[in-house]
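See structure below.
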Amino acid sequence: LFQLVARAIAFSGMPPQPFVSTLIKKHATDLLFLKEKARSAIGSNIPLEDIFYLRYCVAFDGSNKKKGDINDAAIALVENLKWRQTEGSSLCEKANAAVKEALSSENKTWNNAPVREAAPHAAIVNKYITSSQIVTTTSRHGDLVYCIRAGKIDDKALMSEISADQMTQFFLYCKEVNAIVADMRSLSSNRLVTVITANDLNGVSLFGDSSFRKALSASSTKANDLYPALSGPTLLLNLPPLLGALAKLFTPLFPAEVRQRLKFEQGPLRSIHDLTDVLNGDSREVFLNELEKLVYI
């Protein structure tokens, strides 16, 4: 529970996102600096799009004293690129190829089947995790909304066939796919797109598989390093009574700055039987209205 609460992000509303073109002009010198650091670290085979480096500039803006400056951004960037060339190489290659195939139709309509099939350990994971438990949609503002209903996943059966490290790879693959799509949409919309995470905790058990929770935690920690300025708010929705009581009990123990950013909400996603319902129809409109109130207003 402590880890869950500590990772929660403010519900006070997302600030308006500046134009990507404006940010690129603002950080032009830093972008050149980061690209040079990247070339020095791994050679000429570096990411080409400015948006990849721009997220480091935004996350490590000099005004954010707690995060660091452009030199800290360069250190984080080099670590990321080294990961992409070593242990993360296969995962990233699969994600890029899957996104291209998902958008390969003439009208560029998203086909999620290639993304699911290319996921690490898909033969096992896809038996237990479907679009009914995890789905990504888009807010009215263009941000990605990653919805997960962990209480509907048979985590014990799943983790009897897979290790925590393998499950972590699966979740990191999902985050890489979302990062690729977010960057594509940022460039096409001229707005820095983020990923909002909506955790529907209805049905979550305190006695679920600990290795599954370990994989979730490990992938979230790693993703914070790999994808700067990508994560938007994390919504903690529909906590069961016991978890809700524990949250209220432990919340006062956190620093005031953290407490101000916490809000647990009942209602959103509760009435939706299947998460695929947020993709279209009346249920989608209801969810987007609730999301608007929680995140953007």
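Going by the structure tokens order, chains are called A, B, ..., each with residues numbered from 1, while ligands are numbered from 1 in the order shown.
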* Mind checking DSSP for stretch 97-277 of chain A and telling me the helix (DSSP H, G or I) residues as a ChimeraX atom specification? -> /A:97-102,113-118,122-128,150-152,155-159,164-189,210-226,241-253,256-259,275-277
Between stretch 17-45 of chain A and stretch 74-82 of chain A, at 7 Å or less, what are the per-residue closest atom pairs and their distances in Å? Count only C-alpha atoms, order by chain and rising residue number, and return it as CSV.
```
residue,atom,partner,partner_atom,distance
A:Leu34,CA,A:Ala74,CA,5.9
A:Lys37,CA,A:Ala74,CA,6.7
A:Ala38,CA,A:Val78,CA,6.2
A:Ala41,CA,A:Val78,CA,6.5
```
Based on the selection just made, write all heavy atoms of those residues as a compact mmCIF listing (two decimals), in the first residue's frame.
```
# COMPACT_ATOMS: atom_id res chain seq x y z
N LEU A 34 22.41 17.26 -25.96
CA LEU A 34 22.04 15.88 -25.65
C LEU A 34 22.36 14.95 -26.82
O LEU A 34 22.81 13.81 -26.62
CB LEU A 34 20.56 15.80 -25.30
CG LEU A 34 20.14 16.44 -23.97
CD1 LEU A 34 18.63 16.35 -23.78
CD2 LEU A 34 20.86 15.79 -22.79
N LYS A 37 26.02 14.22 -26.75
CA LYS A 37 26.32 13.26 -25.68
C LYS A 37 25.92 11.85 -26.10
O LYS A 37 26.61 10.87 -25.79
CB LYS A 37 25.58 13.66 -24.40
CG LYS A 37 26.14 14.90 -23.71
CD LYS A 37 27.52 14.63 -23.14
CE LYS A 37 28.05 15.82 -22.36
NZ LYS A 37 29.41 15.57 -21.82
N ALA A 38 24.80 11.75 -26.80
CA ALA A 38 24.34 10.44 -27.26
C ALA A 38 25.32 9.84 -28.27
O ALA A 38 25.67 8.66 -28.19
CB ALA A 38 22.95 10.56 -27.88
N ALA A 41 28.40 8.56 -26.65
CA ALA A 41 28.20 7.36 -25.84
C ALA A 41 28.02 6.10 -26.67
O ALA A 41 28.57 5.05 -26.33
CB ALA A 41 27.00 7.56 -24.91
```
* Write out as a VMD selection string which residues come within 12 Å of A:Leu32 when counting only C-alpha atoms, dropping same-chain ones fewer than 2 positions away. => chain A and resid 24 to 30 34 to 39 48 to 50 53 to 54 57 70 74
* What does the distance from atom CA of A:Ala113 to atom CA of A:Phe52 come to in Å, to one decimal? ->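 Going from atom CA of A:Ala113 over to atom CA of A:Phe52, I get 25.9 Å.
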Counting only C-alpha atoms, what are the residues of stretch 145-236 of chain A within 7 Å of stretch 16-21 of chain A, and for each of them which pair of atoms is the nearest and at what distance in Å, to one decimal? Sort the table by chain and rising number, as a tab-separated table.
```
residue	atom	partner	partner_atom	distance
A:Asn190	CA	A:Val20	CA	4.9
A:Arg191	CA	A:Phe19	CA	5.0
A:Leu192	CA	A:Val20	CA	5.9
```
* Between A:Ile297, A:Ala198, A:Ile272, A:Leu216, which is the closest to A:Glu285 once you count only C-alpha atoms? ->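 Under the stated criterion, the closest residue is A:Ile272.
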* Of the candidates A:Thr168, A:Asn71, A:Asn111, A:Ser105, which shows the shortest atom-to-atom distance to A:Ala223, using only C-alpha atoms? -> A:Thr168
Any chance you could list, as a CSV table (one decimal) with all heavy atoms, in the first residue's frame, the residues in stretch 48-287 of chain A that come up strand (DSSP E or B) when DSSP is run on the backbone?
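So the final result, stored in result-v4.csv, reads:
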```csv
chain,number,residue,atom,x,y,z
A,134,ILE,N,-6.7,-4.9,-19.4
A,134,ILE,CA,-5.7,-3.8,-19.7
A,134,ILE,C,-6.1,-3.2,-21.1
A,134,ILE,O,-6.1,-4.0,-22.1
A,134,ILE,CB,-4.3,-4.2,-19.7
A,134,ILE,CG1,-3.9,-4.7,-18.3
A,134,ILE,CG2,-3.3,-3.1,-20.1
A,134,ILE,CD1,-2.4,-5.2,-18.2
A,135,VAL,N,-6.3,-1.9,-21.2
A,135,VAL,CA,-6.6,-1.3,-22.5
A,135,VAL,C,-6.1,0.1,-22.5
A,135,VAL,O,-6.0,0.8,-21.4
A,135,VAL,CB,-8.1,-1.4,-22.8
A,135,VAL,CG1,-8.9,-0.4,-21.9
A,135,VAL,CG2,-8.4,-1.0,-24.3
A,136,THR,N,-5.7,0.6,-23.6
A,136,THR,CA,-5.2,2.0,-23.8
A,136,THR,C,-6.2,2.7,-24.7
A,136,THR,O,-6.5,2.2,-25.8
A,136,THR,CB,-3.8,2.1,-24.3
A,136,THR,OG1,-2.9,1.4,-23.4
A,136,THR,CG2,-3.4,3.6,-24.4
A,137,THR,N,-6.7,3.9,-24.3
A,137,THR,CA,-7.5,4.7,-25.1
A,137,THR,C,-7.0,6.1,-25.1
A,137,THR,O,-5.8,6.4,-24.7
A,137,THR,CB,-9.0,4.7,-24.6
A,137,THR,OG1,-9.8,5.4,-25.5
A,137,THR,CG2,-9.1,5.3,-23.2
A,138,THR,N,-7.7,7.1,-25.6
A,138,THR,CA,-7.3,8.5,-25.8
A,138,THR,C,-8.3,9.4,-25.1
A,138,THR,O,-9.5,9.3,-25.2
A,138,THR,CB,-7.1,8.8,-27.2
A,138,THR,OG1,-6.3,7.9,-27.9
A,138,THR,CG2,-6.5,10.2,-27.4
A,144,LEU,N,-2.8,9.7,-23.9
A,144,LEU,CA,-3.1,8.3,-23.8
A,144,LEU,C,-3.6,8.0,-22.4
A,144,LEU,O,-3.1,8.6,-21.4
A,144,LEU,CB,-1.9,7.4,-24.1
A,144,LEU,CG,-1.3,7.6,-25.5
A,144,LEU,CD1,-0.1,6.6,-25.7
A,144,LEU,CD2,-2.3,7.3,-26.6
A,145,VAL,N,-4.6,7.1,-22.3
A,145,VAL,CA,-5.1,6.7,-21.0
A,145,VAL,C,-5.0,5.2,-20.9
A,145,VAL,O,-5.7,4.4,-21.6
A,145,VAL,CB,-6.6,7.1,-20.8
A,145,VAL,CG1,-7.0,6.8,-19.4
A,145,VAL,CG2,-6.8,8.6,-21.2
A,146,TYR,N,-4.1,4.7,-20.0
A,146,TYR,CA,-3.7,3.3,-19.9
A,146,TYR,C,-4.6,2.8,-18.7
A,146,TYR,O,-4.3,3.2,-17.5
A,146,TYR,CB,-2.2,3.2,-19.6
A,146,TYR,CG,-1.7,1.8,-19.3
A,146,TYR,CD1,-1.6,0.9,-20.3
A,146,TYR,CD2,-1.4,1.4,-18.0
A,146,TYR,CE1,-1.1,-0.4,-20.1
A,146,TYR,CE2,-0.9,0.1,-17.7
A,146,TYR,CZ,-0.7,-0.8,-18.8
A,146,TYR,OH,-0.3,-2.0,-18.5
A,147,CYS,N,-5.6,2.0,-19.0
A,147,CYS,CA,-6.5,1.5,-18.0
A,147,CYS,C,-6.1,0.1,-17.6
A,147,CYS,O,-5.9,-0.8,-18.5
A,147,CYS,CB,-7.9,1.5,-18.5
A,147,CYS,SG,-8.5,3.1,-19.1
A,148,ILE,N,-6.0,-0.2,-16.3
A,148,ILE,CA,-5.7,-1.5,-15.9
A,148,ILE,C,-6.7,-1.9,-14.7
A,148,ILE,O,-6.9,-1.1,-13.8
A,148,ILE,CB,-4.2,-1.7,-15.4
A,148,ILE,CG1,-3.9,-3.1,-14.9
A,148,ILE,CG2,-3.9,-0.6,-14.4
A,148,ILE,CD1,-2.5,-3.4,-14.7
A,191,ARG,N,1.5,19.0,-29.5
A,191,ARG,CA,1.2,19.0,-28.1
A,191,ARG,C,1.9,17.9,-27.4
A,191,ARG,O,1.8,16.8,-27.9
A,191,ARG,CB,-0.3,18.9,-27.8
A,191,ARG,CG,-0.7,18.9,-26.4
A,191,ARG,CD,-2.2,18.6,-26.2
A,191,ARG,NE,-2.7,18.5,-24.8
A,191,ARG,CZ,-2.6,17.4,-24.1
A,191,ARG,NH1,-2.1,16.3,-24.6
A,191,ARG,NH2,-3.0,17.5,-22.8
A,195,VAL,N,0.9,10.0,-20.7
A,195,VAL,CA,0.2,8.8,-20.5
A,195,VAL,C,-0.4,8.9,-19.1
A,195,VAL,O,0.3,8.9,-18.1
A,195,VAL,CB,1.1,7.6,-20.6
A,195,VAL,CG1,0.2,6.3,-20.3
A,195,VAL,CG2,1.7,7.5,-22.0
A,196,ILE,N,-1.8,8.9,-19.1
A,196,ILE,CA,-2.5,8.9,-17.8
A,196,ILE,C,-2.8,7.4,-17.5
A,196,ILE,O,-3.2,6.6,-18.3
A,196,ILE,CB,-3.8,9.6,-17.9
A,196,ILE,CG1,-3.6,11.1,-18.3
A,196,ILE,CG2,-4.7,9.5,-16.6
A,196,ILE,CD1,-4.8,11.8,-18.7
A,197,THR,N,-2.5,7.0,-16.2
A,197,THR,CA,-2.8,5.6,-15.8
A,197,THR,C,-4.0,5.6,-14.9
A,197,THR,O,-4.0,6.3,-13.9
A,197,THR,CB,-1.6,5.0,-15.0
A,197,THR,OG1,-0.4,5.1,-15.9
A,197,THR,CG2,-1.8,3.6,-14.6
A,198,ALA,N,-5.0,4.8,-15.3
A,198,ALA,CA,-6.2,4.7,-14.5
A,198,ALA,C,-6.2,3.3,-13.9
A,198,ALA,O,-6.5,2.3,-14.6
A,198,ALA,CB,-7.4,4.9,-15.4
A,199,ASN,N,-5.9,3.2,-12.6
A,199,ASN,CA,-5.9,1.9,-11.9
A,199,ASN,C,-7.3,1.7,-11.3
A,199,ASN,O,-7.7,2.3,-10.3
A,199,ASN,CB,-4.9,1.9,-10.8
A,199,ASN,CG,-3.5,1.8,-11.3
A,199,ASN,OD1,-3.1,0.8,-11.8
A,199,ASN,ND2,-2.7,2.9,-11.1
A,200,ASP,N,-8.1,0.8,-11.9
A,200,ASP,CA,-9.4,0.4,-11.3
A,200,ASP,C,-9.1,-0.7,-10.3
A,200,ASP,O,-8.8,-1.8,-10.6
A,200,ASP,CB,-10.3,-0.1,-12.3
A,200,ASP,CG,-11.7,-0.4,-11.7
A,200,ASP,OD1,-12.0,0.0,-10.6
A,200,ASP,OD2,-12.5,-1.0,-12.4
A,231,SER,N,4.8,10.4,-18.1
A,231,SER,CA,3.7,10.0,-17.2
A,231,SER,C,2.9,11.2,-16.8
A,231,SER,O,3.5,12.2,-16.3
A,231,SER,CB,4.3,9.3,-16.0
A,231,SER,OG,4.9,8.1,-16.3
A,232,GLY,N,1.6,11.1,-17.0
A,232,GLY,CA,0.7,12.1,-16.4
A,232,GLY,C,0.2,11.6,-15.1
A,232,GLY,O,0.8,10.7,-14.4
A,233,PRO,N,-1.0,12.0,-14.7
A,233,PRO,CA,-1.5,11.6,-13.4
A,233,PRO,C,-1.8,10.1,-13.3
A,233,PRO,O,-2.1,9.4,-14.3
A,233,PRO,CB,-2.9,12.3,-13.3
A,233,PRO,CG,-2.7,13.5,-14.2
A,233,PRO,CD,-1.8,13.1,-15.3
A,234,THR,N,-1.6,9.5,-12.1
A,234,THR,CA,-2.0,8.1,-11.9
A,234,THR,C,-3.2,8.1,-11.0
A,234,THR,O,-3.2,8.6,-9.9
A,234,THR,CB,-0.9,7.4,-11.2
A,234,THR,OG1,0.3,7.3,-12.0
A,234,THR,CG2,-1.3,5.9,-10.8
A,235,LEU,N,-4.3,7.6,-11.5
A,235,LEU,CA,-5.6,7.6,-10.9
A,235,LEU,C,-5.8,6.3,-10.1
A,235,LEU,O,-5.8,5.2,-10.7
A,235,LEU,CB,-6.7,7.8,-11.9
A,235,LEU,CG,-6.5,8.9,-12.9
A,235,LEU,CD1,-7.7,9.1,-13.8
A,235,LEU,CD2,-6.2,10.3,-12.2
A,236,LEU,N,-6.1,6.4,-8.8
A,236,LEU,CA,-6.4,5.2,-8.0
A,236,LEU,C,-7.9,5.2,-7.8
A,236,LEU,O,-8.5,5.9,-7.0
A,236,LEU,CB,-5.7,5.3,-6.7
A,236,LEU,CG,-4.1,5.6,-6.8
A,236,LEU,CD1,-3.5,5.7,-5.5
A,236,LEU,CD2,-3.5,4.4,-7.6
A,237,LEU,N,-8.6,4.3,-8.4
A,237,LEU,CA,-10.0,4.3,-8.5
A,237,LEU,C,-10.7,3.1,-7.8
A,237,LEU,O,-10.2,2.0,-7.9
A,237,LEU,CB,-10.5,4.3,-10.0
A,237,LEU,CG,-9.9,5.4,-10.9
A,237,LEU,CD1,-10.3,5.2,-12.3
A,237,LEU,CD2,-10.3,6.8,-10.4
A,264,PHE,N,-8.3,9.7,-3.7
A,264,PHE,CA,-8.8,8.4,-4.1
A,264,PHE,C,-10.3,8.6,-4.5
A,264,PHE,O,-11.0,9.3,-3.8
A,264,PHE,CB,-8.7,7.5,-2.9
A,264,PHE,CG,-7.3,7.3,-2.4
A,264,PHE,CD1,-6.8,8.1,-1.4
A,264,PHE,CD2,-6.5,6.3,-2.9
A,264,PHE,CE1,-5.5,8.0,-0.9
A,264,PHE,CE2,-5.2,6.2,-2.5
A,264,PHE,CZ,-4.7,7.0,-1.5
A,265,GLU,N,-10.6,8.1,-5.6
A,265,GLU,CA,-11.9,8.4,-6.2
A,265,GLU,C,-12.8,7.1,-6.4
A,265,GLU,O,-12.2,6.0,-6.8
A,265,GLU,CB,-11.8,9.0,-7.6
A,265,GLU,CG,-13.0,9.6,-8.1
A,265,GLU,CD,-13.5,10.8,-7.4
A,265,GLU,OE1,-12.7,11.5,-6.7
A,265,GLU,OE2,-14.7,11.1,-7.5
```
Where does stretch 58-155 of chain A meet stretch 174-177 of chain A within 8 Å, residue by residue, with the nearest atom pair and distance in Å to one decimal for each, counting only C-alpha atoms, listed by chain and rising number, as a Markdown table?
```
| residue | atom | partner | partner_atom | distance |
| --- | --- | --- | --- | --- |
| A:Cys92 | CA | A:Glu176 | CA | 6.8 |
| A:Ala95 | CA | A:Val177 | CA | 5.5 |
| A:Asn96 | CA | A:Val177 | CA | 7.3 |
| A:Val99 | CA | A:Val177 | CA | 6.9 |
| A:Ala119 | CA | A:Cys174 | CA | 7.8 |
```
Just the selected residues (C-alpha atoms), exported as a PDB file, in the first residue's frame, please.
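That gives us out_37.pdb:
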```
ATOM      1  CA  CYS A  92      12.356  -2.032 -28.099  1.00  0.00           C
ATOM      2  CA  ALA A  95       7.648  -2.624 -29.883  1.00  0.00           C
ATOM      3  CA  ASN A  96       8.730  -0.497 -32.860  1.00  0.00           C
ATOM      4  CA  VAL A  99       3.516  -0.280 -33.799  1.00  0.00           C
ATOM      5  CA  ALA A 119       4.777  -8.829 -26.576  1.00  0.00           C
TER       6      ALA A 119
END
```
* **Among the residues A:Ser186, A:Ser131, A:Asn280, A:Thr194, the one that comes closest to A:Ile51 [using only C-alpha atoms]** =>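 Of A:Ser186, A:Ser131, A:Asn280, A:Thr194, the one nearest A:Ile51 is A:Ser186, counting only C-alpha atoms.
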* Choose the residue, out of A:Ala229, A:Ile124, A:Ala215, A:Ile129, that has the smallest atom-to-atom separation from A:Ser160; count only C-alpha atoms. =>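 Of A:Ala229, A:Ile124, A:Ala215, A:Ile129, the one nearest A:Ser160, counting only C-alpha atoms, is A:Ile124.
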* Asked: Neighbours of A:Pro114 within 8 Å (only C-alpha atoms; same-chain residues fewer than 2 positions away dropped), as a list in words?
  ->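 The neighbour list is Ala98, Val99, Glu101, Ala102, Asn111, Asn112, Arg116, Glu117 and Ala118 of chain A.
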Please, could you write that set of residues out with C-alpha atoms as a PDB file, in the first residue's frame?
```
ATOM      1  CA  ALA A  98       4.577  -3.944 -33.710  1.00  0.00           C
ATOM      2  CA  VAL A  99       3.516  -0.280 -33.799  1.00  0.00           C
ATOM      3  CA  GLU A 101       2.345  -3.134 -38.237  1.00  0.00           C
ATOM      4  CA  ALA A 102      -0.533  -1.884 -36.077  1.00  0.00           C
ATOM      5  CA  ASN A 111      -4.932  -2.775 -35.096  1.00  0.00           C
ATOM      6  CA  ASN A 112      -3.912  -4.002 -31.654  1.00  0.00           C
ATOM      7  CA  ARG A 116      -0.371  -8.214 -28.392  1.00  0.00           C
ATOM      8  CA  GLU A 117       1.271 -10.973 -30.433  1.00  0.00           C
ATOM      9  CA  ALA A 118       4.735  -9.360 -30.346  1.00  0.00           C
TER      10      ALA A 118
END
```
Can you tell me which residues surround A:Ser283 at a distance of at most 10 Å, considering only C-alpha atoms, apart from same-chain residues fewer than 5 positions away, and format the answer as a short mmCIF file (atom, residue, chain, number, x, y, z; two decimals) with N, CA and C atoms, in the first residue's frame?
```cif
data_model
loop_
_atom_site.label_atom_id
_atom_site.label_comp_id
_atom_site.auth_asym_id
_atom_site.auth_seq_id
_atom_site.Cartn_x
_atom_site.Cartn_y
_atom_site.Cartn_z
N LEU A 269 -15.08 4.03 -13.97
CA LEU A 269 -14.86 2.65 -14.40
C LEU A 269 -15.66 1.62 -13.60
N SER A 271 -18.86 1.22 -13.16
CA SER A 271 -20.05 0.71 -13.84
C SER A 271 -19.73 0.05 -15.18
N ILE A 272 -18.48 0.08 -15.58
CA ILE A 272 -18.09 -0.49 -16.87
C ILE A 272 -17.75 -1.97 -16.67
N HIS A 273 -18.51 -2.82 -17.33
CA HIS A 273 -18.36 -4.26 -17.15
C HIS A 273 -17.05 -4.75 -17.75
N ASP A 274 -16.72 -4.27 -18.94
CA ASP A 274 -15.54 -4.72 -19.67
C ASP A 274 -14.76 -3.49 -20.10
N LEU A 275 -13.43 -3.48 -19.88
CA LEU A 275 -12.64 -2.29 -20.20
C LEU A 275 -12.69 -1.92 -21.68
N THR A 276 -12.98 -2.87 -22.54
CA THR A 276 -13.09 -2.53 -23.96
C THR A 276 -14.25 -1.57 -24.22
N ASP A 277 -15.16 -1.46 -23.25
CA ASP A 277 -16.28 -0.54 -23.41
C ASP A 277 -15.84 0.92 -23.41
N VAL A 278 -14.63 1.21 -22.90
CA VAL A 278 -14.17 2.61 -22.90
C VAL A 278 -13.67 3.03 -24.27
N LEU A 288 -14.98 9.40 -20.28
CA LEU A 288 -14.26 10.62 -20.67
C LEU A 288 -14.75 11.83 -19.89
N ASN A 289 -16.05 11.87 -19.60
CA ASN A 289 -16.59 12.96 -18.78
C ASN A 289 -16.00 12.93 -17.37
#
```
* Asked: Taking into account only C-alpha atoms, which residue in the set A:Glu290, A:Glu106, A:Asp155, A:Asp143 is nearest to A:Val125?
  ->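 Answer, going by the shortest atom-to-atom distance: A:Asp155.
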* Out of A:Ser210, A:Ser189, A:Asn107, A:Asn224, which residue has the shortest atom-to-atom distance to A:Leu172 when counting only C-alpha atoms? -> A:Asn224
